[in-house]
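Below is the file model-v1.txt, which contains compact mmCIF, C-alpha atoms.
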```txt
# COMPACT_ATOMS: atom_id res chain seq x y z
CA MET A 1 -9.12 -3.79 52.40
CA THR A 2 -8.25 -1.45 49.56
CA ASN A 3 -4.82 -3.05 49.17
CA ASP A 4 -6.36 -6.55 49.06
CA LEU A 5 -8.74 -5.48 46.30
CA LEU A 6 -5.88 -3.86 44.42
CA MET A 7 -3.80 -7.05 44.64
CA LYS A 8 -6.75 -9.13 43.41
CA TRP A 9 -7.23 -6.71 40.51
CA ILE A 10 -3.53 -6.97 39.58
CA GLN A 11 -3.45 -10.75 39.94
CA ALA A 12 -6.53 -11.13 37.75
CA GLY A 13 -4.39 -9.99 34.84
CA GLN A 14 -5.37 -8.02 31.76
CA THR A 15 -6.68 -8.92 28.35
CA GLU A 16 -5.31 -7.01 25.39
CA ILE A 17 -7.62 -6.66 22.40
CA PRO A 18 -5.96 -5.83 19.03
CA THR A 19 -7.13 -2.49 17.73
CA LEU A 20 -7.61 -4.01 14.28
CA LEU A 21 -10.09 -6.50 15.74
CA LEU A 22 -12.06 -3.61 17.23
CA LYS A 23 -11.97 -1.91 13.86
CA TYR A 24 -12.82 -4.81 11.58
CA TYR A 25 -14.84 -7.35 13.61
CA LYS A 26 -18.05 -6.39 11.80
CA LYS A 27 -16.39 -6.95 8.43
CA LEU A 28 -15.38 -10.42 9.64
CA GLY A 29 -19.07 -11.24 10.01
CA LEU A 30 -19.07 -11.00 13.81
CA ASN A 31 -21.91 -9.52 15.79
CA ASN A 32 -21.48 -7.92 19.21
CA ASP A 33 -22.18 -11.18 21.07
CA ASP A 34 -19.58 -13.02 18.95
CA PHE A 35 -17.08 -10.27 19.71
CA VAL A 36 -17.68 -10.50 23.48
CA LEU A 37 -17.37 -14.31 23.32
CA ILE A 38 -13.99 -14.00 21.60
CA ILE A 39 -12.84 -11.57 24.30
CA GLN A 40 -13.97 -14.04 26.98
CA LEU A 41 -12.13 -16.90 25.29
CA LYS A 42 -8.99 -14.81 24.82
CA SER A 43 -9.14 -13.67 28.45
CA SER A 44 -9.12 -17.27 29.64
CA MET A 45 -6.38 -18.23 27.20
CA ASP A 46 -4.24 -15.27 28.30
CA GLN A 47 -4.43 -16.65 31.84
CA GLY A 48 -3.30 -20.11 30.74
CA ASP A 49 -6.70 -21.78 30.41
CA TYR A 50 -6.74 -22.77 26.71
CA PHE A 51 -9.97 -24.78 26.94
CA PRO A 52 -12.21 -22.81 29.31
CA ASP A 53 -15.48 -24.17 30.64
CA LEU A 54 -18.26 -22.71 28.47
CA GLU A 55 -20.63 -22.82 31.42
CA GLU A 56 -18.48 -20.28 33.23
CA ILE A 57 -18.31 -18.11 30.12
CA SER A 58 -22.07 -18.36 29.63
CA GLU A 59 -22.57 -17.08 33.18
CA ARG A 60 -20.29 -14.09 32.50
CA MET A 61 -22.25 -13.27 29.36
CA SER A 62 -25.66 -13.95 30.96
CA ILE A 63 -26.58 -16.50 28.31
CA SER A 64 -27.45 -20.18 28.51
CA LYS A 65 -24.74 -22.81 28.21
CA ASN A 66 -26.51 -24.12 25.10
CA ASP A 67 -26.32 -20.68 23.49
CA ALA A 68 -22.62 -20.50 24.36
CA PHE A 69 -22.04 -23.86 22.65
CA LYS A 70 -23.97 -22.66 19.58
CA ALA A 71 -21.94 -19.45 19.45
CA VAL A 72 -18.64 -21.36 19.62
CA HIS A 73 -19.87 -23.73 16.90
CA GLN A 74 -20.79 -20.77 14.66
CA LEU A 75 -17.32 -19.27 15.14
CA MET A 76 -15.83 -22.57 14.07
CA GLN A 77 -18.11 -22.72 11.02
CA LYS A 78 -16.97 -19.21 10.07
CA LYS A 79 -13.38 -20.50 10.43
CA LEU A 80 -12.55 -17.93 13.07
CA LEU A 81 -12.01 -20.42 15.88
CA SER A 82 -10.61 -23.93 15.94
CA ILE A 83 -9.97 -26.72 18.42
CA GLU A 84 -6.50 -28.24 18.29
CA THR A 85 -5.01 -31.22 20.07
CA LYS A 86 -1.68 -30.66 21.77
CA LYS A 87 0.63 -32.57 24.08
CA ASP A 88 1.83 -31.12 27.35
CA GLU A 89 5.33 -31.56 28.79
CA GLU A 90 4.37 -34.97 30.15
CA GLY A 91 3.11 -36.16 26.77
CA ILE A 92 -0.55 -36.01 27.74
CA THR A 93 -2.84 -34.82 24.94
CA GLU A 94 -5.37 -32.08 25.54
CA ASP A 95 -7.78 -30.02 23.48
CA VAL A 96 -7.20 -26.28 23.22
CA TYR A 97 -8.99 -23.41 21.52
CA SER A 98 -7.01 -21.49 18.92
CA LEU A 99 -7.70 -18.02 17.51
CA ASN A 100 -5.04 -18.30 14.80
CA LEU A 101 -7.68 -18.50 12.06
CA LEU A 102 -9.16 -15.24 13.32
CA TRP A 103 -5.78 -13.49 13.29
CA GLU A 104 -5.04 -14.80 9.79
CA LYS A 105 -8.37 -13.51 8.45
CA LEU A 106 -7.80 -10.21 10.20
CA ILE A 107 -4.39 -9.82 8.50
CA THR A 108 -5.92 -10.72 5.12
CA LEU A 109 -8.68 -8.15 5.63
CA MET A 110 -6.12 -5.53 6.59
CA LYS A 111 -4.10 -6.22 3.43
CA GLN A 112 -7.24 -6.01 1.29
CA ASN A 113 -8.16 -2.71 2.93
CA GLU A 114 -4.67 -1.31 2.30
CA HIS A 115 -4.92 -2.44 -1.34
CA VAL A 116 -8.23 -0.58 -1.72
CA ILE A 117 -6.66 2.54 -0.21
CA GLU A 118 -3.71 2.25 -2.60
CA GLU A 119 -6.07 1.88 -5.58
CA GLU A 120 -8.08 4.93 -4.49
CA GLN A 121 -4.87 6.91 -4.05
CA GLU A 122 -3.68 5.80 -7.48
CA LYS A 123 -6.98 6.90 -9.06
CA LYS A 124 -6.67 10.25 -7.33
CA GLU A 125 -3.07 10.67 -8.55
CA ASN A 126 -4.08 9.74 -12.11
CA LYS A 127 -6.94 12.24 -12.03
CA ASN A 128 -4.53 14.92 -10.83
CA LEU A 129 -2.15 13.86 -13.58
CA TYR A 130 -4.78 14.58 -16.24
CA SER A 131 -5.39 18.03 -14.75
CA ILE A 132 -1.67 18.82 -14.69
CA PHE A 133 -1.23 17.84 -18.34
CA GLU A 134 -4.28 19.85 -19.42
CA ALA A 135 -2.99 22.87 -17.51
CA GLU A 136 0.44 22.65 -19.16
CA PHE A 137 -0.96 21.97 -22.64
CA GLY A 138 -3.62 24.66 -22.22
CA ARG A 139 -6.36 22.40 -23.58
CA PRO A 140 -8.32 19.20 -22.85
CA LEU A 141 -6.47 15.98 -23.62
CA SER A 142 -7.51 13.96 -26.64
CA PRO A 143 -8.72 10.35 -26.23
CA MET A 144 -5.42 9.14 -27.67
CA GLU A 145 -3.44 11.21 -25.16
CA ILE A 146 -5.57 9.87 -22.31
CA ASP A 147 -4.84 6.34 -23.56
CA SER A 148 -1.14 7.17 -23.47
CA LEU A 149 -1.41 8.23 -19.82
CA ILE A 150 -3.25 5.01 -18.98
CA LEU A 151 -0.62 2.99 -20.83
CA TRP A 152 2.21 4.70 -18.93
CA THR A 153 0.66 4.09 -15.52
CA GLU A 154 -1.03 0.69 -15.91
CA GLU A 155 1.12 -1.19 -18.43
CA ASP A 156 4.52 0.49 -18.29
CA ASN A 157 4.16 1.03 -14.52
CA PHE A 158 5.63 4.52 -14.59
CA SER A 159 4.81 6.35 -11.38
CA PRO A 160 2.75 9.58 -11.60
CA GLU A 161 5.75 11.42 -10.17
CA LEU A 162 8.04 10.15 -12.93
CA ILE A 163 5.49 11.10 -15.60
CA GLN A 164 5.23 14.60 -14.15
CA LEU A 165 9.02 14.91 -14.23
CA ALA A 166 9.02 13.85 -17.90
CA LEU A 167 6.34 16.47 -18.57
CA ARG A 168 8.52 19.07 -16.86
CA GLU A 169 11.44 18.16 -19.13
CA ALA A 170 9.21 18.52 -22.17
CA VAL A 171 7.95 21.93 -20.98
CA LEU A 172 11.52 23.11 -20.34
CA SER A 173 12.38 22.07 -23.87
CA GLN A 174 9.20 23.78 -25.11
CA VAL A 175 7.99 20.58 -26.77
CA TYR A 176 4.34 19.87 -25.97
CA SER A 177 4.21 16.39 -27.44
CA PHE A 178 3.22 13.05 -25.92
CA LYS A 179 5.66 11.36 -28.31
CA TYR A 180 8.45 13.47 -26.87
CA ILE A 181 7.42 12.66 -23.29
CA ASP A 182 7.16 8.98 -24.18
CA ARG A 183 10.71 9.04 -25.53
CA ILE A 184 11.93 10.66 -22.29
CA LEU A 185 10.27 7.94 -20.22
CA LEU A 186 11.73 5.19 -22.43
CA ASN A 187 15.14 6.84 -22.17
CA TRP A 188 14.90 6.80 -18.38
CA GLU A 189 13.59 3.24 -18.32
CA LYS A 190 16.54 2.07 -20.42
CA LYS A 191 18.87 3.66 -17.85
CA ASN A 192 16.82 2.33 -14.89
CA ILE A 193 15.96 5.84 -13.75
CA ARG A 194 12.97 5.72 -11.41
CA THR A 195 13.39 8.39 -8.71
CA LYS A 196 13.34 12.18 -8.66
CA GLU A 197 16.98 12.28 -7.55
CA GLN A 198 18.03 10.05 -10.46
CA VAL A 199 16.04 12.22 -12.89
CA GLU A 200 17.70 15.42 -11.66
CA LYS A 201 21.14 13.85 -11.96
CA GLU A 202 20.42 12.57 -15.48
CA SER A 203 18.89 15.90 -16.58
CA LYS A 204 21.97 17.78 -15.42
CA ARG A 205 24.27 15.33 -17.19
CA PHE A 206 22.17 15.54 -20.35
CA ARG A 207 22.12 19.34 -20.31
CA ASP A 208 25.86 19.55 -19.68
CA TYR A 209 26.44 17.16 -22.58
CA SER A 210 24.12 19.08 -24.90
CA LYS A 211 25.65 22.40 -23.90
CA SER A 212 29.20 21.20 -24.62
CA LYS A 213 28.05 19.70 -27.94
CA ASN A 214 26.32 22.93 -28.98
CA GLN A 215 29.38 24.95 -27.94
CA ALA A 216 31.60 22.77 -30.10
CA HIS A 217 29.36 23.42 -33.10
CA LEU A 218 29.47 27.16 -32.45
CA GLU A 219 33.25 27.16 -32.28
CA GLU A 220 33.42 25.37 -35.61
CA ASP A 221 31.00 27.83 -37.18
CA GLU A 222 32.72 31.00 -38.41
CA ASP A 223 29.46 32.94 -38.15
CA GLU A 224 28.36 32.58 -34.50
CA SER A 225 25.31 34.76 -35.10
CA SER A 226 23.85 32.40 -37.67
CA GLY A 227 21.11 31.18 -35.30
CA PRO A 228 20.04 30.49 -31.71
CA VAL A 229 21.39 27.62 -29.65
CA PRO A 230 18.93 24.69 -30.08
CA MET A 231 16.91 23.40 -27.11
CA ILE A 232 17.74 20.05 -25.53
CA ASN A 233 16.39 17.23 -27.64
CA TRP A 234 15.51 14.06 -25.71
CA LEU A 235 14.61 12.39 -28.99
CA GLN A 236 18.29 12.34 -29.84
CA ASP A 237 20.22 9.77 -27.78
CA ASP A 238 23.72 10.61 -26.63
CA ASP A 239 26.50 8.07 -26.46
CA ASN A 240 27.62 8.86 -22.91
```

Re-express the file's structure as structure tokens.
Amino acid sequence: MTNDLLMKWIQAGQTEIPTLLLKYYKKLGLNNDDFVLIIQLKSSMDQGDYFPDLEEISERMSISKNDAFKAVHQLMQKKLLSIETKKDEEGITEDVYSLNLLWEKLITLMKQNEHVIEEEQEKKENKNLYSIFEAEFGRPLSPMEIDSLILWTEEDNFSPELIQLALREAVLSQVYSFKYIDRILLNWEKKNIRTKEQVEKESKRFRDYSKSKNQAHLEEDEDESSGPVPMINWLQDDDN
């Protein structure tokens, strides 16, 4: 008896419900009854019945057949369910339910949600960026400096990480100037430098170049104690 019940349970099949549908069905404008109806329709479709009898579904849901028809009609009005006409292998046409509109709206909603998350993350990074600059400068940023940060992120599309790396270069050169940082960013943009690894490679090359150039000046100068070796100047382009 137990084996017979087990075989019936296995043969009845299973209905998989996308996790995203569980997560977002309320945002799609579905109530709990709509959600159960969609599960019932999908269950029938998963078993090969693409146009199930609504009377049978109404019995499963303990609602009237008329209410089941109304619920299906509302899903169609919300453009979450459609009826399509298809031909079978013998060329006979038949009507079938399709949930493609539901899946498309679900994907759109997911993309919109990811976009909101990205915007919130970007706002958080920008806020952190202001704090980092104020900490390095040792003072609140001026309105003009805040505008520069907004320009770099929103119009020039420099990533917060790249801006922080430019700030680091300015601090290493002991130049606390937005103009200086802007020139660094423009220098990197001209050379298509966008990642931390590229920045580190370019900084090393720039420092090696500046060091060799300064050494050449010292060798030409008879009085090597005439002054300190100048800091790296990103405002001065090199030819290499």

Please build the interface table for segment 14-96 of chain A against segment 108-113 of chain A with a cut-off of 9 Å, listing for each qualifying residue the nearest atom pair and the distance in Å to one decimal; count all atoms listed in the file, order rows by chain and increasing number, and write it as CSV.
```
residue,atom,partner,partner_atom,distance
A:Leu20,CA,A:Met110,CA,8.0
A:Tyr24,CA,A:Leu109,CA,8.0
A:Lys27,CA,A:Leu109,CA,8.3
A:Leu28,CA,A:Leu109,CA,8.1
```

Shell around Asp34 of chain A at 10 Å using only C-alpha atoms, local window under 5 positions removed, as a ChimeraX atom specification: /A:25-26,29,39-40,68,71-72,74-75

Writing out the chosen residues with C-alpha atoms as a JSON list (two decimals), in the frame of the given file:
```
[["chain", "number", "residue", "atom", "x", "y", "z"],
["A", 25, "TYR", "CA", -14.84, -7.35, 13.61],
["A", 26, "LYS", "CA", -18.05, -6.39, 11.80],
["A", 29, "GLY", "CA", -19.07, -11.24, 10.01],
["A", 39, "ILE", "CA", -12.84, -11.57, 24.30],
["A", 40, "GLN", "CA", -13.97, -14.04, 26.98],
["A", 68, "ALA", "CA", -22.62, -20.50, 24.36],
["A", 71, "ALA", "CA", -21.94, -19.45, 19.45],
["A", 72, "VAL", "CA", -18.64, -21.36, 19.62],
["A", 74, "GLN", "CA", -20.79, -20.77, 14.66],
["A", 75, "LEU", "CA", -17.32, -19.27, 15.14]]
```

Spatial neighbours of Glu94 of chain A, 12 Å, only C-alpha atoms, chain gap at least 4 places, as number ranges by chain: A: 49-51, 83-90

Glu161 of chain A environment, 12 Å, only C-alpha atoms, sequence neighbours closer than 6 positions dropped, as a PyMOL selection string: chain A and resi 122+125-126+128-129+132+152-153+167-168+185+194-197+199

Point-to-point distance in Å for atom CA of Lys127 of chain A and atom CA of His115 of chain A: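 Those two atoms sit 18.3 Å apart.
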
Contact residues around Lys79 of chain A with only C-alpha atoms at 12 Å, ignoring same-chain residues under 5 positions, as a PyMOL selection string: chain A and resi 28-30+72-74+98-106

Coordinates-based distance that separates atom CA of Tyr97 of chain A from atom CA of Met45 of chain A (Å, one decimal):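 Going from atom CA of Met45 of chain A over to atom CA of Tyr97 of chain A, I get 8.1 Å.
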